[in-house]
>>> print(open('final_12.pdb').read())   # PDB, C-alpha atoms and all ligand atoms
ATOM      1  CA  MET A  27       0.000   0.000   0.000  1.00  0.00           C
ATOM      2  CA  LYS A  28       1.225   3.493  -0.792  1.00  0.00           C
ATOM      3  CA  GLU A  29       1.917   6.283   1.648  1.00  0.00           C
ATOM      4  CA  ASN A  30      -1.202   8.418   2.154  1.00  0.00           C
ATOM      5  CA  TRP A  31      -1.101  11.818   0.509  1.00  0.00           C
ATOM      6  CA  ILE A  32      -3.278  14.703   1.663  1.00  0.00           C
ATOM      7  CA  ALA A  33      -3.812  17.171  -1.144  1.00  0.00           C
ATOM      8  CA  PRO A  34      -5.541  20.413  -0.121  1.00  0.00           C
ATOM      9  CA  SER A  35      -7.549  21.940  -2.962  1.00  0.00           C
ATOM     10  CA  ILE A  36      -6.629  25.609  -3.194  1.00  0.00           C
ATOM     11  CA  LEU A  37     -10.046  26.287  -4.711  1.00  0.00           C
ATOM     12  CA  SER A  38     -11.206  26.995  -1.150  1.00  0.00           C
ATOM     13  CA  ALA A  39      -8.128  29.058  -0.207  1.00  0.00           C
ATOM     14  CA  ASN A  40      -8.130  32.836   0.081  1.00  0.00           C
ATOM     15  CA  PHE A  41      -6.962  33.849  -3.405  1.00  0.00           C
ATOM     16  CA  ALA A  42      -6.055  37.319  -2.191  1.00  0.00           C
ATOM     17  CA  LYS A  43      -3.133  35.745  -0.301  1.00  0.00           C
ATOM     18  CA  LEU A  44      -2.613  32.506  -2.159  1.00  0.00           C
ATOM     19  CA  GLY A  45       1.157  32.146  -1.669  1.00  0.00           C
ATOM     20  CA  GLU A  46       0.791  32.468   2.085  1.00  0.00           C
ATOM     21  CA  GLU A  47      -2.151  30.044   2.123  1.00  0.00           C
ATOM     22  CA  VAL A  48      -0.144  27.403   0.242  1.00  0.00           C
ATOM     23  CA  ASP A  49       2.888  27.921   2.527  1.00  0.00           C
ATOM     24  CA  ASN A  50       0.642  27.535   5.563  1.00  0.00           C
ATOM     25  CA  VAL A  51      -1.104  24.398   4.398  1.00  0.00           C
ATOM     26  CA  LEU A  52       2.212  22.775   3.468  1.00  0.00           C
ATOM     27  CA  SER A  53       3.787  23.615   6.790  1.00  0.00           C
ATOM     28  CA  ALA A  54       0.628  22.185   8.392  1.00  0.00           C
ATOM     29  CA  GLY A  55       1.586  18.821   6.894  1.00  0.00           C
ATOM     30  CA  ALA A  56       0.000  18.646   3.430  1.00  0.00           C
ATOM     31  CA  ASP A  57       1.833  16.484   0.876  1.00  0.00           C
ATOM     32  CA  VAL A  58       0.600  17.903  -2.416  1.00  0.00           C
ATOM     33  CA  VAL A  59      -1.061  21.095  -3.687  1.00  0.00           C
ATOM     34  CA  HIS A  60      -4.273  20.278  -5.598  1.00  0.00           C
ATOM     35  CA  PHE A  61      -4.787  22.907  -8.313  1.00  0.00           C
ATOM     36  CA  ASP A  62      -8.286  23.043  -9.860  1.00  0.00           C
ATOM     37  CA  VAL A  63      -8.445  24.453 -13.381  1.00  0.00           C
ATOM     38  CA  MET A  64     -11.951  25.321 -14.639  1.00  0.00           C
ATOM     39  CA  ASP A  65     -12.787  26.900 -17.982  1.00  0.00           C
ATOM     40  CA  ASN A  66     -16.478  27.898 -17.786  1.00  0.00           C
ATOM     41  CA  HIS A  67     -17.107  25.463 -20.629  1.00  0.00           C
ATOM     42  CA  PHE A  68     -16.314  21.936 -19.459  1.00  0.00           C
ATOM     43  CA  VAL A  69     -17.585  22.947 -16.006  1.00  0.00           C
ATOM     44  CA  PRO A  70     -19.729  25.951 -15.034  1.00  0.00           C
ATOM     45  CA  ASN A  71     -16.996  27.869 -13.229  1.00  0.00           C
ATOM     46  CA  LEU A  72     -13.791  29.716 -14.049  1.00  0.00           C
ATOM     47  CA  THR A  73     -10.669  29.536 -11.921  1.00  0.00           C
ATOM     48  CA  ILE A  74      -6.919  29.669 -12.366  1.00  0.00           C
ATOM     49  CA  GLY A  75      -4.406  28.908 -15.118  1.00  0.00           C
ATOM     50  CA  PRO A  76      -0.668  28.401 -15.744  1.00  0.00           C
ATOM     51  CA  LEU A  77       0.263  31.941 -14.641  1.00  0.00           C
ATOM     52  CA  VAL A  78      -0.916  31.173 -11.118  1.00  0.00           C
ATOM     53  CA  CYS A  79       0.945  27.852 -11.071  1.00  0.00           C
ATOM     54  CA  GLU A  80       4.118  29.627 -12.181  1.00  0.00           C
ATOM     55  CA  ALA A  81       3.576  32.321  -9.547  1.00  0.00           C
ATOM     56  CA  LEU A  82       3.423  29.657  -6.814  1.00  0.00           C
ATOM     57  CA  ARG A  83       6.699  28.162  -8.040  1.00  0.00           C
ATOM     58  CA  LYS A  84       8.316  31.623  -8.127  1.00  0.00           C
ATOM     59  CA  HIS A  85       6.998  32.206  -4.633  1.00  0.00           C
ATOM     60  CA  GLY A  86       9.081  29.192  -3.556  1.00  0.00           C
ATOM     61  CA  VAL A  87       6.602  26.313  -3.456  1.00  0.00           C
ATOM     62  CA  THR A  88       8.578  23.080  -3.980  1.00  0.00           C
ATOM     63  CA  ALA A  89       5.875  20.516  -3.108  1.00  0.00           C
ATOM     64  CA  PRO A  90       4.265  18.585  -5.968  1.00  0.00           C
ATOM     65  CA  ILE A  91       1.530  20.560  -7.738  1.00  0.00           C
ATOM     66  CA  ASP A  92      -1.353  18.319  -8.817  1.00  0.00           C
ATOM     67  CA  VAL A  93      -3.114  20.071 -11.702  1.00  0.00           C
ATOM     68  CA  HIS A  94      -6.698  18.866 -12.176  1.00  0.00           C
ATOM     69  CA  LEU A  95      -7.819  20.053 -15.596  1.00  0.00           C
ATOM     70  CA  MET A  96     -11.560  20.556 -15.918  1.00  0.00           C
ATOM     71  CA  VAL A  97     -11.173  21.996 -19.395  1.00  0.00           C
ATOM     72  CA  GLU A  98     -11.970  21.096 -22.956  1.00  0.00           C
ATOM     73  CA  PRO A  99      -9.891  20.830 -25.120  1.00  0.00           C
ATOM     74  CA  VAL A 100      -6.992  19.562 -22.996  1.00  0.00           C
ATOM     75  CA  ASP A 101      -3.931  19.279 -25.243  1.00  0.00           C
ATOM     76  CA  ARG A 102      -3.337  22.945 -25.959  1.00  0.00           C
ATOM     77  CA  ILE A 103      -2.904  23.840 -22.296  1.00  0.00           C
ATOM     78  CA  VAL A 104      -0.771  20.840 -21.206  1.00  0.00           C
ATOM     79  CA  PRO A 105       2.659  22.209 -22.260  1.00  0.00           C
ATOM     80  CA  ASP A 106       1.835  25.565 -20.631  1.00  0.00           C
ATOM     81  CA  PHE A 107       1.185  23.864 -17.288  1.00  0.00           C
ATOM     82  CA  ALA A 108       4.311  21.736 -17.599  1.00  0.00           C
ATOM     83  CA  LYS A 109       6.377  24.901 -18.180  1.00  0.00           C
ATOM     84  CA  ALA A 110       4.603  26.565 -15.269  1.00  0.00           C
ATOM     85  CA  GLY A 111       5.826  23.868 -12.879  1.00  0.00           C
ATOM     86  CA  ALA A 112       3.031  21.273 -12.716  1.00  0.00           C
ATOM     87  CA  SER A 113       4.138  17.905 -11.322  1.00  0.00           C
ATOM     88  CA  ILE A 114       0.999  15.875 -12.066  1.00  0.00           C
ATOM     89  CA  ILE A 115      -1.577  16.690 -14.754  1.00  0.00           C
ATOM     90  CA  THR A 116      -4.950  14.929 -14.769  1.00  0.00           C
ATOM     91  CA  PHE A 117      -7.809  15.405 -17.225  1.00  0.00           C
ATOM     92  CA  HIS A 118     -11.301  14.095 -17.884  1.00  0.00           C
ATOM     93  CA  PRO A 119     -11.719  11.663 -20.809  1.00  0.00           C
ATOM     94  CA  GLU A 120     -14.690  13.748 -22.022  1.00  0.00           C
ATOM     95  CA  GLY A 121     -12.276  16.670 -22.493  1.00  0.00           C
ATOM     96  CA  SER A 122      -9.983  14.946 -24.981  1.00  0.00           C
ATOM     97  CA  ILE A 123     -10.864  13.086 -28.163  1.00  0.00           C
ATOM     98  CA  HIS A 124      -7.573  11.116 -28.110  1.00  0.00           C
ATOM     99  CA  ILE A 125      -6.945  10.157 -24.506  1.00  0.00           C
ATOM    100  CA  ASP A 126      -3.957   7.929 -25.268  1.00  0.00           C
ATOM    101  CA  ARG A 127      -2.286  10.790 -27.128  1.00  0.00           C
ATOM    102  CA  THR A 128      -2.999  13.257 -24.318  1.00  0.00           C
ATOM    103  CA  LEU A 129      -1.491  10.900 -21.704  1.00  0.00           C
ATOM    104  CA  GLN A 130       1.606  10.575 -23.901  1.00  0.00           C
ATOM    105  CA  LEU A 131       1.779  14.358 -24.334  1.00  0.00           C
ATOM    106  CA  ILE A 132       1.721  14.877 -20.547  1.00  0.00           C
ATOM    107  CA  HIS A 133       4.570  12.380 -20.123  1.00  0.00           C
ATOM    108  CA  ASP A 134       6.529  13.931 -22.988  1.00  0.00           C
ATOM    109  CA  CYS A 135       6.249  17.256 -21.145  1.00  0.00           C
ATOM    110  CA  GLY A 136       7.877  15.644 -18.102  1.00  0.00           C
ATOM    111  CA  CYS A 137       4.818  15.350 -15.832  1.00  0.00           C
ATOM    112  CA  LYS A 138       2.962  12.462 -14.222  1.00  0.00           C
ATOM    113  CA  ALA A 139      -0.351  11.765 -15.961  1.00  0.00           C
ATOM    114  CA  GLY A 140      -3.812  10.724 -14.871  1.00  0.00           C
ATOM    115  CA  LEU A 141      -7.435  10.337 -15.908  1.00  0.00           C
ATOM    116  CA  VAL A 142     -10.350  11.770 -13.926  1.00  0.00           C
ATOM    117  CA  PHE A 143     -13.774  10.142 -13.708  1.00  0.00           C
ATOM    118  CA  ASN A 144     -16.934  12.109 -12.993  1.00  0.00           C
ATOM    119  CA  PRO A 145     -19.545  10.337 -10.844  1.00  0.00           C
ATOM    120  CA  GLY A 146     -21.442   9.282 -13.981  1.00  0.00           C
ATOM    121  CA  THR A 147     -18.441   8.444 -16.175  1.00  0.00           C
ATOM    122  CA  PRO A 148     -17.867   4.721 -16.763  1.00  0.00           C
ATOM    123  CA  LEU A 149     -14.516   3.140 -15.990  1.00  0.00           C
ATOM    124  CA  SER A 150     -14.269   1.601 -19.480  1.00  0.00           C
ATOM    125  CA  HIS A 151     -11.913   4.440 -20.499  1.00  0.00           C
ATOM    126  CA  LEU A 152      -9.263   2.738 -18.384  1.00  0.00           C
ATOM    127  CA  GLU A 153      -9.244  -0.461 -20.350  1.00  0.00           C
ATOM    128  CA  TYR A 154      -6.410   0.192 -22.821  1.00  0.00           C
ATOM    129  CA  VAL A 155      -4.394   2.877 -21.026  1.00  0.00           C
ATOM    130  CA  MET A 156      -3.509   1.423 -17.618  1.00  0.00           C
ATOM    131  CA  ASP A 157       0.157   1.275 -18.639  1.00  0.00           C
ATOM    132  CA  LYS A 158       0.146   5.051 -19.243  1.00  0.00           C
ATOM    133  CA  LEU A 159      -1.339   6.127 -15.914  1.00  0.00           C
ATOM    134  CA  ASP A 160       0.476   7.373 -12.836  1.00  0.00           C
ATOM    135  CA  ILE A 161      -2.757   8.297 -11.059  1.00  0.00           C
ATOM    136  CA  ILE A 162      -6.499   7.741 -11.356  1.00  0.00           C
ATOM    137  CA  LEU A 163      -8.731  10.441  -9.874  1.00  0.00           C
ATOM    138  CA  LEU A 164     -12.317   9.625  -8.959  1.00  0.00           C
ATOM    139  CA  MET A 165     -14.703  12.525  -8.465  1.00  0.00           C
ATOM    140  CA  SER A 166     -17.003  12.096  -5.488  1.00  0.00           C
ATOM    141  CA  VAL A 167     -18.950  15.237  -6.490  1.00  0.00           C
ATOM    142  CA  ASN A 168     -19.875  16.649  -9.868  1.00  0.00           C
ATOM    143  CA  PRO A 169     -16.979  18.975 -10.696  1.00  0.00           C
ATOM    144  CA  GLY A 170     -17.222  22.753 -10.696  1.00  0.00           C
ATOM    145  CA  PHE A 171     -17.455  23.833  -7.083  1.00  0.00           C
ATOM    146  CA  GLY A 172     -15.974  23.224  -3.671  1.00  0.00           C
ATOM    147  CA  GLY A 173     -18.076  22.509  -0.603  1.00  0.00           C
ATOM    148  CA  GLN A 174     -20.386  19.838  -2.057  1.00  0.00           C
ATOM    149  CA  SER A 175     -21.366  16.620  -0.266  1.00  0.00           C
ATOM    150  CA  PHE A 176     -19.559  13.337  -0.883  1.00  0.00           C
ATOM    151  CA  LEU A 177     -21.545  11.003  -3.168  1.00  0.00           C
ATOM    152  CA  PRO A 178     -21.555   7.510  -1.603  1.00  0.00           C
ATOM    153  CA  SER A 179     -21.498   5.827  -5.048  1.00  0.00           C
ATOM    154  CA  ALA A 180     -17.820   6.853  -5.165  1.00  0.00           C
ATOM    155  CA  LEU A 181     -17.048   4.186  -2.540  1.00  0.00           C
ATOM    156  CA  THR A 182     -18.218   1.401  -4.854  1.00  0.00           C
ATOM    157  CA  LYS A 183     -16.229   2.903  -7.699  1.00  0.00           C
ATOM    158  CA  LEU A 184     -13.126   3.206  -5.513  1.00  0.00           C
ATOM    159  CA  ARG A 185     -13.312  -0.498  -4.675  1.00  0.00           C
ATOM    160  CA  GLN A 186     -13.648  -1.328  -8.380  1.00  0.00           C
ATOM    161  CA  VAL A 187     -10.644   0.790  -9.356  1.00  0.00           C
ATOM    162  CA  ARG A 188      -8.574  -0.493  -6.414  1.00  0.00           C
ATOM    163  CA  LYS A 189      -9.122  -4.003  -7.763  1.00  0.00           C
ATOM    164  CA  LEU A 190      -8.220  -2.974 -11.329  1.00  0.00           C
ATOM    165  CA  ILE A 191      -5.004  -1.318 -10.149  1.00  0.00           C
ATOM    166  CA  ASP A 192      -3.994  -4.251  -7.969  1.00  0.00           C
ATOM    167  CA  GLU A 193      -4.693  -6.752 -10.743  1.00  0.00           C
ATOM    168  CA  SER A 194      -2.802  -4.656 -13.309  1.00  0.00           C
ATOM    169  CA  GLY A 195       0.404  -4.664 -11.280  1.00  0.00           C
ATOM    170  CA  PHE A 196       1.095  -1.073 -12.381  1.00  0.00           C
ATOM    171  CA  ASP A 197       2.269   1.598  -9.964  1.00  0.00           C
ATOM    172  CA  ILE A 198      -0.811   3.857  -9.985  1.00  0.00           C
ATOM    173  CA  ARG A 199      -2.108   6.164  -7.268  1.00  0.00           C
ATOM    174  CA  LEU A 200      -5.842   6.307  -6.526  1.00  0.00           C
ATOM    175  CA  GLU A 201      -7.062   9.801  -5.730  1.00  0.00           C
ATOM    176  CA  ILE A 202     -10.468  10.934  -4.497  1.00  0.00           C
ATOM    177  CA  ASP A 203     -11.822  14.471  -4.899  1.00  0.00           C
ATOM    178  CA  GLY A 204     -14.972  16.053  -3.498  1.00  0.00           C
ATOM    179  CA  GLY A 205     -16.595  16.211  -0.086  1.00  0.00           C
ATOM    180  CA  VAL A 206     -13.671  14.574   1.742  1.00  0.00           C
ATOM    181  CA  LYS A 207     -13.817  15.388   5.470  1.00  0.00           C
ATOM    182  CA  THR A 208     -12.323  14.128   8.715  1.00  0.00           C
ATOM    183  CA  ASP A 209     -15.482  12.126   9.381  1.00  0.00           C
ATOM    184  CA  ASN A 210     -15.507  10.166   6.103  1.00  0.00           C
ATOM    185  CA  ILE A 211     -11.812   9.891   5.176  1.00  0.00           C
ATOM    186  CA  ARG A 212     -11.456   6.591   7.026  1.00  0.00           C
ATOM    187  CA  GLU A 213     -14.088   4.754   4.957  1.00  0.00           C
ATOM    188  CA  ILE A 214     -12.705   6.375   1.790  1.00  0.00           C
ATOM    189  CA  LYS A 215      -9.287   4.959   2.628  1.00  0.00           C
ATOM    190  CA  ALA A 216     -10.815   1.565   3.424  1.00  0.00           C
ATOM    191  CA  ALA A 217     -12.418   1.582  -0.049  1.00  0.00           C
ATOM    192  CA  GLY A 218      -8.980   1.890  -1.624  1.00  0.00           C
ATOM    193  CA  ALA A 219      -7.919   5.540  -1.987  1.00  0.00           C
ATOM    194  CA  ASP A 220      -4.360   6.646  -1.159  1.00  0.00           C
ATOM    195  CA  THR A 221      -4.519  10.302  -2.225  1.00  0.00           C
ATOM    196  CA  PHE A 222      -7.110  12.567  -0.610  1.00  0.00           C
ATOM    197  CA  VAL A 223      -8.128  15.951  -1.981  1.00  0.00           C
ATOM    198  CA  ALA A 224      -9.823  18.198   0.566  1.00  0.00           C
ATOM    199  CA  GLY A 225     -10.708  21.831  -0.054  1.00  0.00           C
ATOM    200  CA  SER A 226     -13.402  23.275   2.186  1.00  0.00           C
ATOM    201  CA  ALA A 227     -12.693  20.763   4.987  1.00  0.00           C
ATOM    202  CA  ILE A 228      -9.233  22.306   5.416  1.00  0.00           C
ATOM    203  CA  PHE A 229      -9.420  25.912   4.238  1.00  0.00           C
ATOM    204  CA  ASN A 230     -12.724  26.683   5.967  1.00  0.00           C
ATOM    205  CA  GLN A 231     -11.159  25.892   9.343  1.00  0.00           C
ATOM    206  CA  PRO A 232      -8.859  28.270  11.229  1.00  0.00           C
ATOM    207  CA  ASP A 233      -6.254  25.623  12.124  1.00  0.00           C
ATOM    208  CA  TYR A 234      -5.069  23.711   9.034  1.00  0.00           C
ATOM    209  CA  LYS A 235      -2.661  21.583  11.083  1.00  0.00           C
ATOM    210  CA  LYS A 236      -5.428  20.358  13.339  1.00  0.00           C
ATOM    211  CA  VAL A 237      -7.563  19.233  10.382  1.00  0.00           C
ATOM    212  CA  ILE A 238      -4.650  17.494   8.660  1.00  0.00           C
ATOM    213  CA  ASP A 239      -3.548  15.813  11.912  1.00  0.00           C
ATOM    214  CA  ASP A 240      -7.133  14.666  12.547  1.00  0.00           C
ATOM    215  CA  MET A 241      -7.348  13.289   8.993  1.00  0.00           C
ATOM    216  CA  ARG A 242      -4.078  11.391   9.453  1.00  0.00           C
ATOM    217  CA  ALA A 243      -5.310   9.958  12.742  1.00  0.00           C
ATOM    218  CA  GLU A 244      -8.459   8.710  10.969  1.00  0.00           C
ATOM    219  CA  LEU A 245      -6.358   7.269   8.135  1.00  0.00           C
ATOM    220  CA  ALA A 246      -4.190   5.426  10.647  1.00  0.00           C
ATOM    221  CA  LYS A 247      -7.308   3.753  12.060  1.00  0.00           C
ATOM    222  CA  ALA A 248      -8.156   2.395   8.603  1.00  0.00           C
ATOM    223  CA  GLY A 249      -4.855   0.482   8.727  1.00  0.00           C
TER
HETATM  224  C1  LIG A 301     -14.387  20.240  -7.613  1.00  0.00           C
HETATM  225  C2  LIG A 301     -12.900  20.248  -7.431  1.00  0.00           C
HETATM  226  C3  LIG A 301     -12.454  19.874  -6.075  1.00  0.00           C
HETATM  227  C4  LIG A 301     -12.963  20.756  -4.990  1.00  0.00           C
HETATM  228  C5  LIG A 301     -13.059  19.949  -3.737  1.00  0.00           C
HETATM  229  O1  LIG A 301     -14.695  20.415  -8.944  1.00  0.00           O
HETATM  230  O2  LIG A 301     -12.275  19.367  -8.356  1.00  0.00           O
HETATM  231  O3  LIG A 301     -11.036  19.731  -6.008  1.00  0.00           O
HETATM  232  O4  LIG A 301     -12.174  21.877  -4.753  1.00  0.00           O
HETATM  233  O5  LIG A 301     -13.596  20.740  -2.738  1.00  0.00           O
HETATM  234  P1  LIG A 301     -14.254  20.132  -1.434  1.00  0.00           P
HETATM  235  O6  LIG A 301     -13.169  19.349  -0.746  1.00  0.00           O
HETATM  236  O7  LIG A 301     -14.704  21.315  -0.694  1.00  0.00           O
HETATM  237  O8  LIG A 301     -15.367  19.219  -1.900  1.00  0.00           O
HETATM  238 ZN    ZN A 302     -10.083  18.832  -8.094  1.00  0.00          ZN
END
>>> encode(input="final_12.pdb", output="structure tokens")
Amino acid sequence: MKENWIAPSILSANFAKLGEEVDNVLSAGADVVHFDVMDNHFVPNLTIGPLVCEALRKHGVTAPIDVHLMVEPVDRIVPDFAKAGASIITFHPEGSIHIDRTLQLIHDCGCKAGLVFNPGTPLSHLEYVMDKLDIILLMSVNPGFGGQSFLPSALTKLRQVRKLIDESGFDIRLEIDGGVKTDNIREIKAAGADTFVAGSAIFNQPDYKKVIDDMRAELAKAG
């Protein structure tokens, strides 16, 4: 089993002081910065692009930056994010006509690559590309906004993907995104996740370290 990664989603951070927010959440014990990119086309919201990723790197952020692209098309923006300092780039299969080519493009740009599945998206997209994946991200909300409730159907899907990964023998992380809180992270881990995105659960609390410590304590109970 892989080391657990906690990946705060900066979507719920205070954008007026983003560098400080990211520094604070990393010093509170976060492993990865989850960076939500929305285009007001693939999802009904508009957020941040490569300039902001580059600004975080220039600010001194050295932790992995996990860029979750909720955009369509995908390919044009991939090299820009790689240049801006992205470590991992994930995208939704609905956003790219040629998913195999997009995964290759992300690798060619020097980043780790992953596919993201909306709650209603079937897992069949995985069938021929397992060898090209570093991470699989399951959405436990419909993408577009922070602060939504965790959809329990994601637990069934997590168990299915955990099995596919284990049977494949490939070294692939399993990430969950949406509605992750201290009180459900344990069952999410038990269902097979190893990478936990949490936005509002962390940034809406005054003490980031307390939330992350509490989450780790819950994860430890899951074994
Ligand atoms: C939703 C985003 C998530 C979101 C999670 O479209 O992909 O990363 O910020 O926020 P919470 O943890 O508040 O559900
Ligand atoms: Zn996300």
>>> resolve_selection(input="final_12.pdb", expression="the PyMOL selection byres (((not hetatm)) within 6 of (chain A and resi 302))", output="ChimeraX atom specification")
/A:62,94,203
>>> write_last_selection(input="final_12.pdb", atoms="C-alpha atoms", output="CSV table (one decimal), in the frame of the given file")
chain,number,residue,atom,x,y,z
A,62,ASP,CA,-8.3,23.0,-9.9
A,94,HIS,CA,-6.7,18.9,-12.2
A,203,ASP,CA,-11.8,14.5,-4.9
>>> residues_around(input="final_12.pdb", residues="Thr182 in chain A", least_positions_apart="5", cutoff="12 Å", atoms="only C-alpha atoms", output="ChimeraX atom specification")
/A:145,149,164,166,177,187-189,213-214,216-219
>>> closest_residue(input="final_12.pdb", among="A:Thr128, A:Ser194, A:Asn50, A:Asn71", to="ligand LIG 301 (chain A)", atoms="all atoms listed in the file")
A:Asn71
>>> closest_atom_pairs(input="final_12.pdb", of="chain A", to="ligand LIG 301 (chain A)", cutoff="9 Å", atoms="all atoms listed in the file", output="tab-separated table")
residue	atom	partner	partner_atom	distance
A:Pro34	CA	A:LIG301	O6	7.7
A:Ser35	CA	A:LIG301	O4	5.0
A:Ile36	CA	A:LIG301	O4	6.9
A:Leu37	CA	A:LIG301	O4	4.9
A:Ser38	CA	A:LIG301	O4	6.3
A:His60	CA	A:LIG301	O3	6.8
A:Phe61	CA	A:LIG301	O3	7.4
A:Asp62	CA	A:LIG301	O2	5.6
A:Val63	CA	A:LIG301	O2	8.1
A:Met64	CA	A:LIG301	O1	8.0
A:Val69	CA	A:LIG301	O1	8.0
A:Asn71	CA	A:LIG301	O1	8.9
A:His94	CA	A:LIG301	O2	6.8
A:Leu95	CA	A:LIG301	O2	8.5
A:Met96	CA	A:LIG301	O1	7.6
A:Met165	CA	A:LIG301	O2	7.3
A:Ser166	CA	A:LIG301	O8	8.1
A:Val167	CA	A:LIG301	C1	6.9
A:Asn168	CA	A:LIG301	O1	6.5
A:Pro169	CA	A:LIG301	O1	3.2
A:Gly170	CA	A:LIG301	O1	3.9
A:Phe171	CA	A:LIG301	C1	4.8
A:Gly172	CA	A:LIG301	O5	3.6
A:Gly173	CA	A:LIG301	O7	3.6
A:Gln174	CA	A:LIG301	O8	5.1
A:Ser175	CA	A:LIG301	O8	6.7
A:Phe176	CA	A:LIG301	O8	7.3
A:Ile202	CA	A:LIG301	O3	8.9
A:Asp203	CA	A:LIG301	O3	5.4
A:Gly204	CA	A:LIG301	O8	3.6
A:Gly205	CA	A:LIG301	O8	3.7
A:Val206	CA	A:LIG301	O6	5.4
A:Lys207	CA	A:LIG301	O6	7.4
A:Val223	CA	A:LIG301	O6	6.2
A:Ala224	CA	A:LIG301	O6	3.8
A:Gly225	CA	A:LIG301	O6	3.6
A:Ser226	CA	A:LIG301	O7	3.7
A:Ala227	CA	A:LIG301	O6	5.9
A:Ile228	CA	A:LIG301	O6	7.9
A:Phe229	CA	A:LIG301	O7	8.6
A:Asn230	CA	A:LIG301	O7	8.8
>>> resolve_selection(input="final_12.pdb", expression="the PyMOL selection byres (((chain A and resi 130) around 12) and not hetatm)", output="number ranges by chain")
A: 101, 104-105, 115, 124-129, 131-140, 155, 157-160
>>> write_last_selection(input="final_12.pdb", atoms="C-alpha atoms", output="PDB file, in the frame of the given file")
ATOM      1  CA  ASP A 101      -3.931  19.279 -25.243  1.00  0.00           C
ATOM      2  CA  VAL A 104      -0.771  20.840 -21.206  1.00  0.00           C
ATOM      3  CA  PRO A 105       2.659  22.209 -22.260  1.00  0.00           C
ATOM      4  CA  ILE A 115      -1.577  16.690 -14.754  1.00  0.00           C
ATOM      5  CA  HIS A 124      -7.573  11.116 -28.110  1.00  0.00           C
ATOM      6  CA  ILE A 125      -6.945  10.157 -24.506  1.00  0.00           C
ATOM      7  CA  ASP A 126      -3.957   7.929 -25.268  1.00  0.00           C
ATOM      8  CA  ARG A 127      -2.286  10.790 -27.128  1.00  0.00           C
ATOM      9  CA  THR A 128      -2.999  13.257 -24.318  1.00  0.00           C
ATOM     10  CA  LEU A 129      -1.491  10.900 -21.704  1.00  0.00           C
ATOM     11  CA  LEU A 131       1.779  14.358 -24.334  1.00  0.00           C
ATOM     12  CA  ILE A 132       1.721  14.877 -20.547  1.00  0.00           C
ATOM     13  CA  HIS A 133       4.570  12.380 -20.123  1.00  0.00           C
ATOM     14  CA  ASP A 134       6.529  13.931 -22.988  1.00  0.00           C
ATOM     15  CA  CYS A 135       6.249  17.256 -21.145  1.00  0.00           C
ATOM     16  CA  GLY A 136       7.877  15.644 -18.102  1.00  0.00           C
ATOM     17  CA  CYS A 137       4.818  15.350 -15.832  1.00  0.00           C
ATOM     18  CA  LYS A 138       2.962  12.462 -14.222  1.00  0.00           C
ATOM     19  CA  ALA A 139      -0.351  11.765 -15.961  1.00  0.00           C
ATOM     20  CA  GLY A 140      -3.812  10.724 -14.871  1.00  0.00           C
ATOM     21  CA  VAL A 155      -4.394   2.877 -21.026  1.00  0.00           C
ATOM     22  CA  ASP A 157       0.157   1.275 -18.639  1.00  0.00           C
ATOM     23  CA  LYS A 158       0.146   5.051 -19.243  1.00  0.00           C
ATOM     24  CA  LEU A 159      -1.339   6.127 -15.914  1.00  0.00           C
ATOM     25  CA  ASP A 160       0.476   7.373 -12.836  1.00  0.00           C
TER      26      ASP A 160
END
>>> resolve_selection(input="final_12.pdb", expression="the PyMOL selection byres (((chain A and resi 57) around 10) and not hetatm)", output="PyMOL selection string")
chain A and resi 30-34+51-56+58-60+89-91+221-222
>>> write_last_selection(input="final_12.pdb", atoms="C-alpha atoms", output="PDB file, keeping the file's coordinate frame")
ATOM      1  CA  ASN A  30      -1.202   8.418   2.154  1.00  0.00           C
ATOM      2  CA  TRP A  31      -1.101  11.818   0.509  1.00  0.00           C
ATOM      3  CA  ILE A  32      -3.278  14.703   1.663  1.00  0.00           C
ATOM      4  CA  ALA A  33      -3.812  17.171  -1.144  1.00  0.00           C
ATOM      5  CA  PRO A  34      -5.541  20.413  -0.121  1.00  0.00           C
ATOM      6  CA  VAL A  51      -1.104  24.398   4.398  1.00  0.00           C
ATOM      7  CA  LEU A  52       2.212  22.775   3.468  1.00  0.00           C
ATOM      8  CA  SER A  53       3.787  23.615   6.790  1.00  0.00           C
ATOM      9  CA  ALA A  54       0.628  22.185   8.392  1.00  0.00           C
ATOM     10  CA  GLY A  55       1.586  18.821   6.894  1.00  0.00           C
ATOM     11  CA  ALA A  56       0.000  18.646   3.430  1.00  0.00           C
ATOM     12  CA  VAL A  58       0.600  17.903  -2.416  1.00  0.00           C
ATOM     13  CA  VAL A  59      -1.061  21.095  -3.687  1.00  0.00           C
ATOM     14  CA  HIS A  60      -4.273  20.278  -5.598  1.00  0.00           C
ATOM     15  CA  ALA A  89       5.875  20.516  -3.108  1.00  0.00           C
ATOM     16  CA  PRO A  90       4.265  18.585  -5.968  1.00  0.00           C
ATOM     17  CA  ILE A  91       1.530  20.560  -7.738  1.00  0.00           C
ATOM     18  CA  THR A 221      -4.519  10.302  -2.225  1.00  0.00           C
ATOM     19  CA  PHE A 222      -7.110  12.567  -0.610  1.00  0.00           C
TER      20      PHE A 222
END
>>> closest_residue(input="final_12.pdb", among="A:Val100, A:Leu163, A:Leu82, A:Val142", to="Glu47 in chain A", atoms="all atoms listed in the file")
A:Leu82
>>> closest_residue(input="final_12.pdb", among="A:Gly249, A:Pro70, A:Gly195, A:Gly45", to="Met156 in chain A", atoms="all atoms listed in the file")
A:Gly195
>>> atom_distance(input="final_12.pdb", atom1="CA of Gly75 in chain A", atom2="CA of Ser122 in chain A")
18.0 Å
>>> atom_distance(input="final_12.pdb", atom1="CA of His151 in chain A", atom2="CA of His118 in chain A")
10.0 Å
>>> atom_distance(input="final_12.pdb", atom1="CA of Ile191 in chain A", atom2="CA of Lys215 in chain A")
14.9 Å
>>> closest_residue(input="final_12.pdb", among="A:Ile238, A:Lys109, A:Leu152, A:Ala180", to="Ile198 in chain A", atoms="only C-alpha atoms")
A:Leu152
